[in-house]
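S.K.: Data: coords_36.txt, compact mmCIF, C-alpha atoms.
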# COMPACT_ATOMS: atom_id res chain seq x y z
CA ARG A 1 17.71 34.91 -41.38
CA THR A 2 21.20 36.33 -40.87
CA LYS A 3 22.68 39.32 -39.05
CA ILE A 4 24.71 40.44 -42.05
CA GLY A 5 23.07 43.88 -41.94
CA LYS A 6 23.41 44.32 -38.18
CA GLY A 7 25.99 46.56 -36.56
CA SER A 8 27.32 49.93 -37.66
CA VAL A 9 30.11 50.11 -40.21
CA SER A 10 30.30 53.90 -40.49
CA VAL A 11 31.81 56.24 -37.93
CA SER A 12 28.59 58.24 -37.51
CA SER A 13 26.45 55.16 -36.95
CA ALA A 14 29.09 53.66 -34.68
CA ALA A 15 28.99 56.84 -32.56
CA VAL A 16 25.26 56.37 -31.96
CA GLU A 17 25.73 52.67 -31.29
CA LEU A 18 28.47 53.42 -28.77
CA MET A 19 26.27 55.98 -27.00
CA MET A 20 23.41 53.52 -26.71
CA ALA A 21 25.72 50.81 -25.42
CA LYS A 22 27.57 53.01 -22.89
CA SER A 23 24.93 55.45 -21.63
CA MET A 24 23.69 53.28 -18.79
CA GLY A 25 27.17 52.40 -17.60
CA ASP A 26 28.65 55.90 -17.97
CA LEU A 27 25.67 58.13 -17.22
CA ARG A 28 23.29 55.84 -15.33
CA LYS A 29 20.63 56.80 -17.86
CA TYR A 30 18.83 55.00 -20.62
CA ALA A 31 19.91 56.18 -24.07
CA SER A 32 16.33 57.21 -24.80
CA ASN A 33 16.37 59.67 -21.89
CA VAL A 34 19.63 61.53 -22.45
CA HIS A 35 19.89 65.10 -23.73
CA ILE A 36 22.21 65.36 -26.69
CA CYS A 37 24.33 68.17 -28.05
CA VAL A 38 25.69 67.99 -31.59
CA LEU A 39 28.53 70.39 -32.37
CA GLY A 40 28.61 71.18 -36.09
CA ALA A 41 26.15 70.99 -38.97
CA GLY A 42 28.20 69.38 -41.72
CA LYS A 43 28.03 66.02 -43.49
CA MET A 44 29.12 63.99 -40.45
CA SER A 45 26.52 65.66 -38.22
CA ARG A 46 23.80 64.94 -40.79
CA LEU A 47 24.77 61.26 -40.94
CA LEU A 48 24.87 61.21 -37.15
CA LEU A 49 21.31 62.57 -36.93
CA LEU A 50 20.08 60.04 -39.49
CA ALA A 51 21.52 57.22 -37.40
CA LEU A 52 20.29 58.75 -34.14
CA PHE A 53 16.71 59.38 -35.27
CA SER A 54 16.55 55.90 -36.79
CA LYS A 55 17.12 54.56 -33.27
CA ASN A 56 15.18 57.21 -31.36
CA PRO A 57 12.99 59.61 -33.40
CA ASP A 58 12.04 61.51 -30.23
CA ALA A 59 15.60 62.18 -29.04
CA HIS A 60 16.18 65.54 -27.36
CA VAL A 61 18.87 67.15 -29.51
CA THR A 62 20.41 70.60 -29.76
CA VAL A 63 22.55 71.32 -32.80
CA VAL A 64 25.17 73.99 -32.12
CA ASN A 65 26.71 75.71 -35.12
CA ARG A 66 28.23 79.06 -36.08
CA ASN A 67 25.62 79.44 -38.81
CA VAL A 68 22.28 78.74 -37.15
CA ALA A 69 20.47 78.77 -40.50
CA ASN A 70 22.64 75.89 -41.73
CA ALA A 71 21.90 73.94 -38.57
CA GLN A 72 18.17 74.43 -39.04
CA ALA A 73 18.43 73.48 -42.71
CA MET A 74 20.05 70.21 -41.65
CA LEU A 75 17.17 69.44 -39.29
CA ASP A 76 14.70 70.33 -42.05
CA ASP A 77 16.43 68.03 -44.56
CA ASP A 78 13.84 65.65 -45.99
CA LEU A 79 15.65 62.47 -44.97
CA VAL A 80 16.49 63.75 -41.50
CA ALA A 81 12.98 65.09 -40.84
CA ALA A 82 11.43 61.85 -42.09
CA ARG A 83 13.23 59.91 -39.36
CA GLY A 84 12.57 62.24 -36.45
CA GLY A 85 13.55 65.52 -34.87
CA LYS A 86 10.40 66.87 -33.26
CA ASN A 87 12.44 67.46 -30.09
CA ALA A 88 15.44 68.92 -31.92
CA LYS A 89 16.46 72.58 -31.89
CA VAL A 90 19.42 74.75 -32.87
CA ALA A 91 21.74 77.13 -31.03
CA SER A 92 24.64 79.39 -31.93
CA MET A 93 28.26 78.86 -30.95
CA ASP A 94 27.88 81.64 -28.39
CA GLU A 95 25.53 79.33 -26.51
CA MET A 96 27.78 76.27 -26.81
CA MET A 97 28.92 76.04 -23.19
CA ASP A 98 25.39 76.58 -21.84
CA VAL A 99 24.06 73.80 -24.09
CA ILE A 100 26.93 71.47 -23.15
CA ALA A 101 26.28 72.11 -19.45
CA LYS A 102 22.67 70.93 -19.87
CA SER A 103 23.53 67.95 -22.08
CA ASP A 104 24.40 64.39 -21.15
CA VAL A 105 26.01 63.41 -24.45
CA ILE A 106 28.09 65.70 -26.66
CA PHE A 107 28.95 64.71 -30.22
CA ALA A 108 31.62 66.84 -31.87
CA ALA A 109 31.79 67.09 -35.66
CA THR A 110 32.95 70.55 -36.64
CA ALA A 111 35.47 71.66 -39.26
CA SER A 112 37.76 73.19 -36.61
CA LYS A 113 41.43 72.32 -36.88
CA GLU A 114 41.92 72.74 -33.13
CA PRO A 115 40.03 71.28 -30.15
CA ILE A 116 37.02 73.42 -29.26
CA LEU A 117 36.33 71.61 -25.99
CA LYS A 118 39.02 71.20 -23.32
CA ALA A 119 39.23 69.87 -19.78
CA ALA A 120 39.10 73.38 -18.35
CA ASP A 121 35.72 73.91 -20.01
CA LEU A 122 34.30 70.98 -18.07
CA SER A 123 35.72 71.70 -14.64
CA GLY A 124 33.10 72.09 -11.94
CA ARG A 125 30.51 70.18 -13.97
CA GLU A 126 27.82 68.82 -11.66
CA LYS A 127 26.67 65.85 -13.73
CA GLY A 128 28.39 63.21 -15.79
CA ALA A 129 29.02 63.61 -19.50
CA MET A 130 29.77 61.41 -22.45
CA LEU A 131 31.93 63.04 -25.12
CA VAL A 132 32.04 61.41 -28.55
CA ASP A 133 34.45 62.99 -31.03
CA ILE A 134 33.82 61.98 -34.65
CA SER A 135 36.09 64.66 -36.10
CA VAL A 136 39.53 64.44 -37.67
CA PRO A 137 41.48 66.31 -36.39
CA ARG A 138 40.06 66.10 -32.88
CA ASN A 139 37.49 68.61 -31.69
CA ILE A 140 37.66 67.35 -28.13
CA ALA A 141 41.00 67.63 -26.33
CA ALA A 142 42.53 64.43 -24.98
CA ASP A 143 42.69 65.84 -21.44
CA CYS A 144 38.88 65.88 -21.21
CA SER A 145 39.00 62.21 -20.26
CA GLU A 146 40.83 63.20 -17.07
CA VAL A 147 37.85 65.15 -15.77
CA GLU A 148 35.83 63.32 -13.11
CA ASN A 149 32.58 61.74 -14.38
CA VAL A 150 33.48 62.64 -17.96
CA TYR A 151 33.81 59.75 -20.42
CA SER A 152 35.52 60.68 -23.65
CA TYR A 153 35.62 58.63 -26.85
CA SER A 154 37.54 59.41 -30.01
CA VAL A 155 37.51 58.26 -33.62
CA ASP A 156 39.93 55.50 -32.62
CA ASP A 157 37.31 54.07 -30.26
CA LEU A 158 34.68 54.28 -32.98
CA LYS A 159 36.95 52.51 -35.45
CA LYS A 160 37.16 49.61 -33.00
CA VAL A 161 33.35 49.41 -32.96
CA VAL A 162 33.26 49.54 -36.76
CA GLN A 163 35.92 46.83 -37.08
CA ALA A 164 34.18 44.56 -34.57
CA ASN A 165 30.91 44.92 -36.49
CA ALA A 166 32.64 44.33 -39.81
CA ASP A 167 34.15 41.11 -38.42
CA LYS A 168 30.71 39.99 -37.25
CA ARG A 169 29.28 40.65 -40.70
CA LYS A 170 32.04 38.60 -42.30
CA SER A 171 31.12 35.67 -40.09
CA GLU A 172 27.55 35.97 -41.35
CA VAL A 173 28.63 35.92 -45.00
CA LEU A 174 29.18 32.15 -45.00
CA LYS A 175 25.74 31.63 -43.47
CA ALA A 176 24.20 33.94 -46.08
CA LYS A 177 25.98 32.05 -48.89
CA ARG A 178 24.55 28.76 -47.64
CA TYR A 179 21.06 30.23 -47.61
CA ILE A 180 21.58 31.57 -51.13
CA VAL A 181 22.73 28.18 -52.41
CA ASP A 182 19.71 26.50 -50.79
CA GLU A 183 17.26 29.05 -52.21
CA VAL A 184 18.79 28.84 -55.69
CA GLN A 185 18.45 25.05 -55.57
CA LYS A 186 14.81 25.38 -54.48
CA PHE A 187 14.15 27.85 -57.28
CA LYS A 188 15.74 25.57 -59.87
CA LEU A 189 13.63 22.67 -58.60
CA TRP A 190 10.49 24.82 -58.73
CA GLN A 191 11.47 25.97 -62.21
CA ALA A 192 11.93 22.36 -63.32
CA SER A 193 8.57 21.41 -61.81
CA GLN A 194 6.89 24.14 -63.87
CA GLY A 195 7.88 22.14 -66.95
CA ALA A 196 5.23 19.61 -65.91
CA VAL A 197 2.39 22.14 -65.95
CA PRO A 198 1.72 22.11 -69.73
CA TYR A 199 1.77 18.31 -69.79
CA LEU A 200 -0.48 18.01 -66.76
CA ALA A 201 -2.87 20.42 -68.44
CA ALA A 202 -2.74 18.35 -71.64
CA LEU A 203 -3.33 15.15 -69.67
CA GLN A 204 -6.28 16.73 -67.89
CA THR A 205 -7.75 17.88 -71.22
CA MET A 206 -7.31 14.40 -72.67
CA ALA A 207 -8.97 12.81 -69.64
CA GLU A 208 -11.87 15.27 -69.79
CA ASN A 209 -12.38 14.51 -73.50
CA ILE A 210 -12.48 10.80 -72.73
CA ARG A 211 -14.91 11.36 -69.85
CA ARG A 212 -17.28 13.33 -72.07
CA SER A 213 -16.97 10.87 -74.93
CA GLU A 214 -17.75 7.87 -72.72
CA THR A 215 -20.61 9.73 -71.09
CA GLU A 216 -22.08 10.41 -74.54
CA LYS A 217 -21.80 6.73 -75.41
CA MET A 218 -23.79 5.88 -72.30
CA SER A 219 -26.38 8.63 -72.85
CA GLN A 220 -29.04 6.19 -74.06
CA LYS A 221 -28.73 4.14 -70.89
CA LEU A 222 -28.83 7.28 -68.74
CA GLN A 223 -32.05 8.67 -70.26
CA GLY A 224 -34.16 7.44 -67.40
CA LEU A 225 -32.21 9.46 -64.83
CA HIS A 226 -33.54 12.66 -63.35
CA GLU A 227 -31.56 15.90 -63.71
CA LYS A 228 -30.12 15.66 -60.20
CA GLU A 229 -29.11 12.06 -60.83
CA ARG A 230 -27.35 13.09 -64.07
CA GLU A 231 -25.53 15.79 -62.14
CA ALA A 232 -24.50 13.21 -59.55
CA VAL A 233 -23.09 10.93 -62.26
CA ASP A 234 -21.23 13.86 -63.83
CA LYS A 235 -19.81 14.84 -60.45
CA LEU A 236 -18.83 11.23 -59.76
CA THR A 237 -16.88 10.85 -63.00
CA ARG A 238 -15.08 14.17 -62.44
CA HIS A 239 -14.21 13.08 -58.91
CA ILE A 240 -12.79 9.77 -60.15
CA ILE A 241 -10.49 11.62 -62.57
CA ASP A 242 -9.39 14.01 -59.84
CA GLN A 243 -8.55 11.15 -57.50
CA LEU A 244 -6.57 9.35 -60.22
CA PHE A 245 -4.57 12.48 -61.02
CA ARG A 246 -3.90 13.47 -57.42
CA PRO A 247 -0.85 11.19 -56.94
CA ILE A 248 0.61 12.54 -60.20
CA TYR A 249 0.21 16.14 -59.02
CA TYR A 250 1.80 15.38 -55.65
CA SER A 251 4.62 13.50 -57.34
CA MET A 252 5.42 16.50 -59.52
CA LYS A 253 5.60 18.68 -56.39
CA ALA A 254 7.88 16.27 -54.53
CA ASP A 255 11.22 17.54 -53.22
CA GLU A 256 13.79 15.71 -55.33
CA GLY A 257 16.73 16.27 -57.64
CA ILE A 258 16.30 18.28 -60.81
CA ASP A 259 17.33 15.32 -63.01
CA ALA A 260 14.77 13.09 -61.31
CA LYS A 261 12.12 15.74 -61.82
CA LYS A 262 12.95 16.11 -65.53
CA SER A 263 12.92 12.33 -65.99
CA LYS A 264 9.51 12.12 -64.39
CA ILE A 265 8.12 14.85 -66.67
CA TRP A 266 9.66 13.16 -69.71
CA ALA A 267 8.14 9.81 -68.71
CA LEU A 268 4.70 11.42 -68.31
CA LYS A 269 5.00 13.05 -71.73
CA ASN A 270 6.03 9.81 -73.48
CA MET A 271 3.63 7.54 -71.62
CA PHE A 272 0.57 9.46 -72.74
CA ARG A 273 2.10 10.95 -75.90
CA LEU A 274 1.28 14.41 -74.62
CA GLU A 275 1.83 17.73 -76.33
CA PRO A 276 1.12 21.06 -74.62
CA GLU A 277 -1.96 22.94 -75.79
CA TYR A 278 0.04 25.72 -77.45
CA LYS A 279 2.09 23.20 -79.46
CA ARG A 280 -1.05 21.41 -80.64
CA ARG A 281 -2.46 24.70 -81.88
CA LEU A 282 0.75 25.36 -83.81
CA LEU A 283 0.82 21.85 -85.29
CA GLY A 284 -2.83 21.96 -86.32
CA PRO A 285 -5.41 19.18 -86.16
CA GLY A 286 -3.28 16.62 -87.98
CA GLY A 287 0.05 16.99 -86.23
CA GLY A 288 1.25 15.75 -82.89
CA ARG A 289 -2.17 14.37 -81.88
CA ALA A 290 -2.29 13.19 -78.29
CA ALA A 291 -3.14 9.55 -77.82
CA GLN A 292 -6.57 8.56 -76.60
CA LEU A 293 -6.88 5.86 -73.95
CA ASN A 294 -8.81 2.82 -75.14
CA ALA A 295 -12.07 2.19 -73.37
Let me see the file written as C-alpha cells.
M.R.:
Amino acid sequence: RTKIGKGSVSVSSAAVELMMAKSMGDLRKYASNVHICVLGAGKMSRLLLLALFSKNPDAHVTVVNRNVANAQAMLDDDLVAARGGKNAKVASMDEMMDVIAKSDVIFAATASKEPILKAADLSGREKGAMLVDISVPRNIAADCSEVENVYSYSVDDLKKVVQANADKRKSEVLKAKRYIVDEVQKFKLWQASQGAVPYLAALQTMAENIRRSETEKMSQKLQGLHEKEREAVDKLTRHIIDQLFRPIYYSMKADEGIDAKKSKIWALKNMFRLEPEYKRRLLGPGGGRAAQLNA
C-alpha cells in the first residue's frame, strides 16, 4: 500500500539500479541483455550479485578475481545461488582485459588502493561501456569518462541515487503511519466487538431454551402432526429466532466508535441479564442466573 520499501538504499543495490536505469540510454541495450563483468570477489561484490540476481537471475556475469577459487565460492554461496547465477562464471585477473572487452557493464569492487582500470586500457574499444565503481578508493580512474562511448559512474553518483531513494522513502513514512493508525483503530474496534460474542452466545442459548420449553408445552397440541410437519414447525421456530437476532448481529458488527460499541454490549448484557457460559459454570446453578423471557 506504500512504496516505503522501494528504491535502493545501499551502494551495491544502487549500482544495479543505476545500471538498469541507464543501460538503454548509455548502451542502447536492455539491462536484461547486457554482459556484465564484476571485478573483485569481496563483500561488496557479493552484495552486488545478490541485488543483480534479484532483478535478473539469468544475467550473464563474469567475476574476475586474483583468487579464482574465492570467486567461485562467492557464486556458490547459498544466498547468491538461490537468487540466480546459472549464466555466471569466473576468470582470473590475467584475463581481466579480455573479459572487459567483451562486457557491456563493468562493476569494480576490489581491494586495490590504486585504479586498476584507466583510460588507456579502453582506447580503441569498439563498443560502448558502462563503468560503475563501487570501491573506495576508486578502482576506475577518473579519466575513463573521457573515452568515447564510455560512461563512468563513481560512488558519488551512487550516493545520489541512495539519497534520492531515502528521500522518497521518508515521504512514504507519513502515508505508512496513517495506514498504521487506521489499522490499529480497526483492530481495536474488532477487539471491542469480540466482547459481544460471549453475550450473543448466552442470548442464543437462552432463546433456544425458551424455544424448546415452549415447544414442549405445546407438545400435546402437536401430537396429530406427522414427522415432517413436526420438523417443519421446528425449522420455523428456529428461523424466527434467527431473523430476530439478525439485526443484533449486524449491529454488533457495525463500524462505529469503540465507546459506542462497548455501550451497546453493556446494554445487551443488562437488558437480558446475560452472563457468559463460562461465568455461569463458575457461579454454579444458583448464581448469576440469566433471566427467562415471559411467555
S.K.: Please provide the set of residues having any atom within 12 Å of Ala14 (chain A), restricted to only C-alpha atoms, with same-chain residues fewer than 3 positions apart removed, written as a ChimeraX atom specification.
M.R.: /A:6-11,17-22,44,47-48,51-52,107,132-134,153-166
S.K.: List as an mmCIF file with C-alpha atoms, keeping the file's coordinate frame the protein and nucleic acid residues near Trp266 (chain A), meaning an atom at most 12 Å away when all atoms listed in the file are counted, but skip any in the same chain fewer than 2 places from it.
M.R.:
data_model
loop_
_atom_site.group_PDB
_atom_site.id
_atom_site.type_symbol
_atom_site.label_atom_id
_atom_site.label_comp_id
_atom_site.auth_asym_id
_atom_site.auth_seq_id
_atom_site.Cartn_x
_atom_site.Cartn_y
_atom_site.Cartn_z
ATOM 1 C CA ALA A 192 11.930 22.360 -63.320
ATOM 2 C CA SER A 193 8.570 21.410 -61.810
ATOM 3 C CA GLY A 195 7.880 22.140 -66.950
ATOM 4 C CA ALA A 196 5.230 19.610 -65.910
ATOM 5 C CA PRO A 198 1.720 22.110 -69.730
ATOM 6 C CA TYR A 199 1.770 18.310 -69.790
ATOM 7 C CA LEU A 200 -0.480 18.010 -66.760
ATOM 8 C CA MET A 252 5.420 16.500 -59.520
ATOM 9 C CA ASP A 259 17.330 15.320 -63.010
ATOM 10 C CA ALA A 260 14.770 13.090 -61.310
ATOM 11 C CA LYS A 261 12.120 15.740 -61.820
ATOM 12 C CA LYS A 262 12.950 16.110 -65.530
ATOM 13 C CA SER A 263 12.920 12.330 -65.990
ATOM 14 C CA LYS A 264 9.510 12.120 -64.390
ATOM 15 C CA LEU A 268 4.700 11.420 -68.310
ATOM 16 C CA LYS A 269 5.000 13.050 -71.730
ATOM 17 C CA ASN A 270 6.030 9.810 -73.480
ATOM 18 C CA MET A 271 3.630 7.540 -71.620
ATOM 19 C CA PHE A 272 0.570 9.460 -72.740
ATOM 20 C CA ARG A 273 2.100 10.950 -75.900
ATOM 21 C CA LEU A 274 1.280 14.410 -74.620
ATOM 22 C CA GLU A 275 1.830 17.730 -76.330
#
S.K.: Need to verify the contact set: Ile36 (chain A), 9 Å, all atoms listed in the file, exclusion of same-chain residues closer than 6 positions in sequence. Can you return it as a list of chain:residue names?
M.R.: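 Residues meeting the cut-off are A:Ala59, A:His60, A:Val61, A:Thr62, A:Val63, A:Ile100, A:Lys102, A:Ser103, A:Asp104, A:Val105, A:Ile106, A:Phe107.
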S.K.: Hey, which of A:Val64, A:Met24, A:Ala73, A:Ile140 ends up closest to Lys118 (chain A)? Count only C-alpha atoms.
M.R.: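 Result for the nearest residue to Lys118 (chain A): A:Ile140.
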S.K.: Please identify all polymer residues within 7 Å of Leu50 (chain A), counting all atoms listed in the file, omitting same-chain residues fewer than 3 positions from it, and present them as a list in words.
M.R.: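 Near Leu50 (chain A), the qualifying residues are Arg46, Leu47, Phe53, Ser54, Val80 and Arg83 of chain A.
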S.K.: Which value, in Å to one decimal, gives the distance between CA of Pro57 (chain A) and CA of Lys89 (chain A)?
M.R.: 13.5 Å
S.K.: Given the choices A:Val90, A:Ala129, A:Val136, A:Met96, which gets closest to Lys29 (chain A) if the distance is worked out from only C-alpha atoms?
M.R.: A:Ala129
S.K.: Please identify all polymer residues within 9 Å of Asn149 (chain A), counting only C-alpha atoms, omitting same-chain residues fewer than 5 positions from it, and present them as a VMD selection string.
M.R.: chain A and resid 26 to 27 125 to 130
S.K.: Could you give me, as a ChimeraX atom specification, the residues that have an atom at most 10 Å away from the point (26.8, 78.6, -29.0) in the coordinates of the file, using all atoms listed in the file?
M.R.: /A:39,63-68,90-100
S.K.: Counting only C-alpha atoms, which residue out of A:Gly25, A:Pro276, A:Gly224, A:Pro137 sits closest to Leu203 (chain A)?
M.R.: A:Pro276
S.K.: Distance CA of Gln191 (chain A)-CA of Glu256 (chain A), one decimal place?
M.R.: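 So the two atoms, CA of Gln191 (chain A) and CA of Glu256 (chain A), lie 12.6 Å apart.
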S.K.: Would you mind reading off the distance between CA of Arg246 (chain A) and CA of Asn209 (chain A), one decimal, in Å?
M.R.: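 Taking CA of Arg246 (chain A) as the start and CA of Asn209 (chain A) as the end point, the length is 18.2 Å.
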S.K.: Counting all atoms listed in the file, figure out which residue out of A:Ile258, A:Leu236, A:Leu117, A:Val181 gets nearest to Asp143 (chain A).
M.R.: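 For Asp143 (chain A), the nearest of the given residues is A:Leu117.
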S.K.: Taking all atoms listed in the file into account, name the residue in A:Leu122, A:Tyr151, A:Arg212, A:Glu183 that is nearest to Ile241 (chain A).
M.R.: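 Nearest to Ile241 (chain A): A:Arg212.
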S.K.: Could you check the closest approach to Gly257 (chain A) for each of A:Arg238, A:Arg230, A:Lys188, A:Lys221 and tell me which residue wins, using all atoms listed in the file?
M.R.: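 Result for the nearest residue to Gly257 (chain A): A:Lys188.
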S.K.: Kindly reconstruct region 27-37 of chain A with all heavy atoms and present the result as a PDB file, in the coordinates of the input.
M.R.:
ATOM      1  N   LEU A  27      26.518  57.019 -17.685  1.00  0.00           N
ATOM      2  CA  LEU A  27      25.670  58.130 -17.220  1.00  0.00           C
ATOM      3  C   LEU A  27      24.561  57.688 -16.273  1.00  0.00           C
ATOM      4  O   LEU A  27      23.865  58.544 -15.715  1.00  0.00           O
ATOM      5  CB  LEU A  27      25.043  58.830 -18.424  1.00  0.00           C
ATOM      6  CG  LEU A  27      26.014  59.344 -19.499  1.00  0.00           C
ATOM      7  CD1 LEU A  27      25.239  59.853 -20.710  1.00  0.00           C
ATOM      8  CD2 LEU A  27      26.894  60.455 -18.925  1.00  0.00           C
ATOM      9  N   ARG A  28      24.381  56.385 -16.119  1.00  0.00           N
ATOM     10  CA  ARG A  28      23.290  55.840 -15.330  1.00  0.00           C
ATOM     11  C   ARG A  28      21.928  56.308 -15.869  1.00  0.00           C
ATOM     12  O   ARG A  28      21.002  56.598 -15.124  1.00  0.00           O
ATOM     13  CB  ARG A  28      23.429  56.251 -13.854  1.00  0.00           C
ATOM     14  CG  ARG A  28      24.675  55.714 -13.167  1.00  0.00           C
ATOM     15  CD  ARG A  28      24.591  54.180 -13.061  1.00  0.00           C
ATOM     16  NE  ARG A  28      25.713  53.639 -12.317  1.00  0.00           N
ATOM     17  CZ  ARG A  28      26.847  53.222 -12.857  1.00  0.00           C
ATOM     18  NH1 ARG A  28      27.014  53.300 -14.173  1.00  0.00           N
ATOM     19  NH2 ARG A  28      27.807  52.726 -12.125  1.00  0.00           N
ATOM     20  N   LYS A  29      21.860  56.407 -17.191  1.00  0.00           N
ATOM     21  CA  LYS A  29      20.630  56.800 -17.860  1.00  0.00           C
ATOM     22  C   LYS A  29      20.415  55.923 -19.073  1.00  0.00           C
ATOM     23  O   LYS A  29      21.373  55.495 -19.718  1.00  0.00           O
ATOM     24  CB  LYS A  29      20.685  58.258 -18.321  1.00  0.00           C
ATOM     25  CG  LYS A  29      20.529  59.295 -17.238  1.00  0.00           C
ATOM     26  CD  LYS A  29      20.444  60.689 -17.859  1.00  0.00           C
ATOM     27  CE  LYS A  29      20.181  61.752 -16.812  1.00  0.00           C
ATOM     28  NZ  LYS A  29      20.029  63.100 -17.441  1.00  0.00           N
ATOM     29  N   TYR A  30      19.126  55.685 -19.373  1.00  0.00           N
ATOM     30  CA  TYR A  30      18.830  55.000 -20.620  1.00  0.00           C
ATOM     31  C   TYR A  30      19.125  55.937 -21.788  1.00  0.00           C
ATOM     32  O   TYR A  30      18.933  57.157 -21.682  1.00  0.00           O
ATOM     33  CB  TYR A  30      17.363  54.567 -20.671  1.00  0.00           C
ATOM     34  CG  TYR A  30      17.013  53.454 -19.711  1.00  0.00           C
ATOM     35  CD1 TYR A  30      16.233  53.712 -18.589  1.00  0.00           C
ATOM     36  CD2 TYR A  30      17.467  52.155 -19.934  1.00  0.00           C
ATOM     37  CE1 TYR A  30      15.909  52.686 -17.697  1.00  0.00           C
ATOM     38  CE2 TYR A  30      17.155  51.124 -19.057  1.00  0.00           C
ATOM     39  CZ  TYR A  30      16.375  51.396 -17.948  1.00  0.00           C
ATOM     40  OH  TYR A  30      16.069  50.384 -17.074  1.00  0.00           O
ATOM     41  N   ALA A  31      19.568  55.365 -22.900  1.00  0.00           N
ATOM     42  CA  ALA A  31      19.910  56.180 -24.070  1.00  0.00           C
ATOM     43  C   ALA A  31      18.728  57.006 -24.549  1.00  0.00           C
ATOM     44  O   ALA A  31      18.899  58.100 -25.096  1.00  0.00           O
ATOM     45  CB  ALA A  31      20.431  55.295 -25.195  1.00  0.00           C
ATOM     46  N   SER A  32      17.531  56.498 -24.342  1.00  0.00           N
ATOM     47  CA  SER A  32      16.330  57.210 -24.800  1.00  0.00           C
ATOM     48  C   SER A  32      16.023  58.449 -23.958  1.00  0.00           C
ATOM     49  O   SER A  32      15.215  59.286 -24.366  1.00  0.00           O
ATOM     50  CB  SER A  32      15.131  56.271 -24.789  1.00  0.00           C
ATOM     51  OG  SER A  32      14.921  55.735 -23.491  1.00  0.00           O
ATOM     52  N   ASN A  33      16.680  58.558 -22.793  1.00  0.00           N
ATOM     53  CA  ASN A  33      16.370  59.670 -21.890  1.00  0.00           C
ATOM     54  C   ASN A  33      17.454  60.742 -21.832  1.00  0.00           C
ATOM     55  O   ASN A  33      17.283  61.735 -21.123  1.00  0.00           O
ATOM     56  CB  ASN A  33      16.148  59.133 -20.466  1.00  0.00           C
ATOM     57  CG  ASN A  33      14.921  58.234 -20.378  1.00  0.00           C
ATOM     58  OD1 ASN A  33      13.983  58.387 -21.150  1.00  0.00           O
ATOM     59  ND2 ASN A  33      14.935  57.296 -19.440  1.00  0.00           N
ATOM     60  N   VAL A  34      18.543  60.560 -22.545  1.00  0.00           N
ATOM     61  CA  VAL A  34      19.630  61.530 -22.450  1.00  0.00           C
ATOM     62  C   VAL A  34      19.349  62.758 -23.322  1.00  0.00           C
ATOM     63  O   VAL A  34      18.619  62.681 -24.314  1.00  0.00           O
ATOM     64  CB  VAL A  34      20.980  60.896 -22.881  1.00  0.00           C
ATOM     65  CG1 VAL A  34      21.340  59.737 -21.963  1.00  0.00           C
ATOM     66  CG2 VAL A  34      20.959  60.461 -24.339  1.00  0.00           C
ATOM     67  N   HIS A  35      19.940  63.883 -22.935  1.00  0.00           N
ATOM     68  CA  HIS A  35      19.890  65.100 -23.730  1.00  0.00           C
ATOM     69  C   HIS A  35      21.194  65.192 -24.518  1.00  0.00           C
ATOM     70  O   HIS A  35      22.282  65.020 -23.952  1.00  0.00           O
ATOM     71  CB  HIS A  35      19.688  66.325 -22.842  1.00  0.00           C
ATOM     72  CG  HIS A  35      18.281  66.462 -22.348  1.00  0.00           C
ATOM     73  ND1 HIS A  35      17.765  65.648 -21.359  1.00  0.00           N
ATOM     74  CD2 HIS A  35      17.263  67.304 -22.719  1.00  0.00           C
ATOM     75  CE1 HIS A  35      16.499  65.987 -21.128  1.00  0.00           C
ATOM     76  NE2 HIS A  35      16.170  66.983 -21.939  1.00  0.00           N
ATOM     77  N   ILE A  36      21.061  65.466 -25.775  1.00  0.00           N
ATOM     78  CA  ILE A  36      22.210  65.360 -26.690  1.00  0.00           C
ATOM     79  C   ILE A  36      22.543  66.716 -27.289  1.00  0.00           C
ATOM     80  O   ILE A  36      21.652  67.473 -27.692  1.00  0.00           O
ATOM     81  CB  ILE A  36      21.904  64.347 -27.808  1.00  0.00           C
ATOM     82  CG1 ILE A  36      21.640  62.967 -27.196  1.00  0.00           C
ATOM     83  CG2 ILE A  36      23.040  64.287 -28.820  1.00  0.00           C
ATOM     84  CD1 ILE A  36      21.027  61.981 -28.165  1.00  0.00           C
ATOM     85  N   CYS A  37      23.833  66.975 -27.365  1.00  0.00           N
ATOM     86  CA  CYS A  37      24.330  68.170 -28.050  1.00  0.00           C
ATOM     87  C   CYS A  37      25.175  67.719 -29.237  1.00  0.00           C
ATOM     88  O   CYS A  37      26.044  66.854 -29.084  1.00  0.00           O
ATOM     89  CB  CYS A  37      25.174  69.016 -27.089  1.00  0.00           C
ATOM     90  SG  CYS A  37      26.104  70.344 -27.892  1.00  0.00           S
TER      91      CYS A  37
END
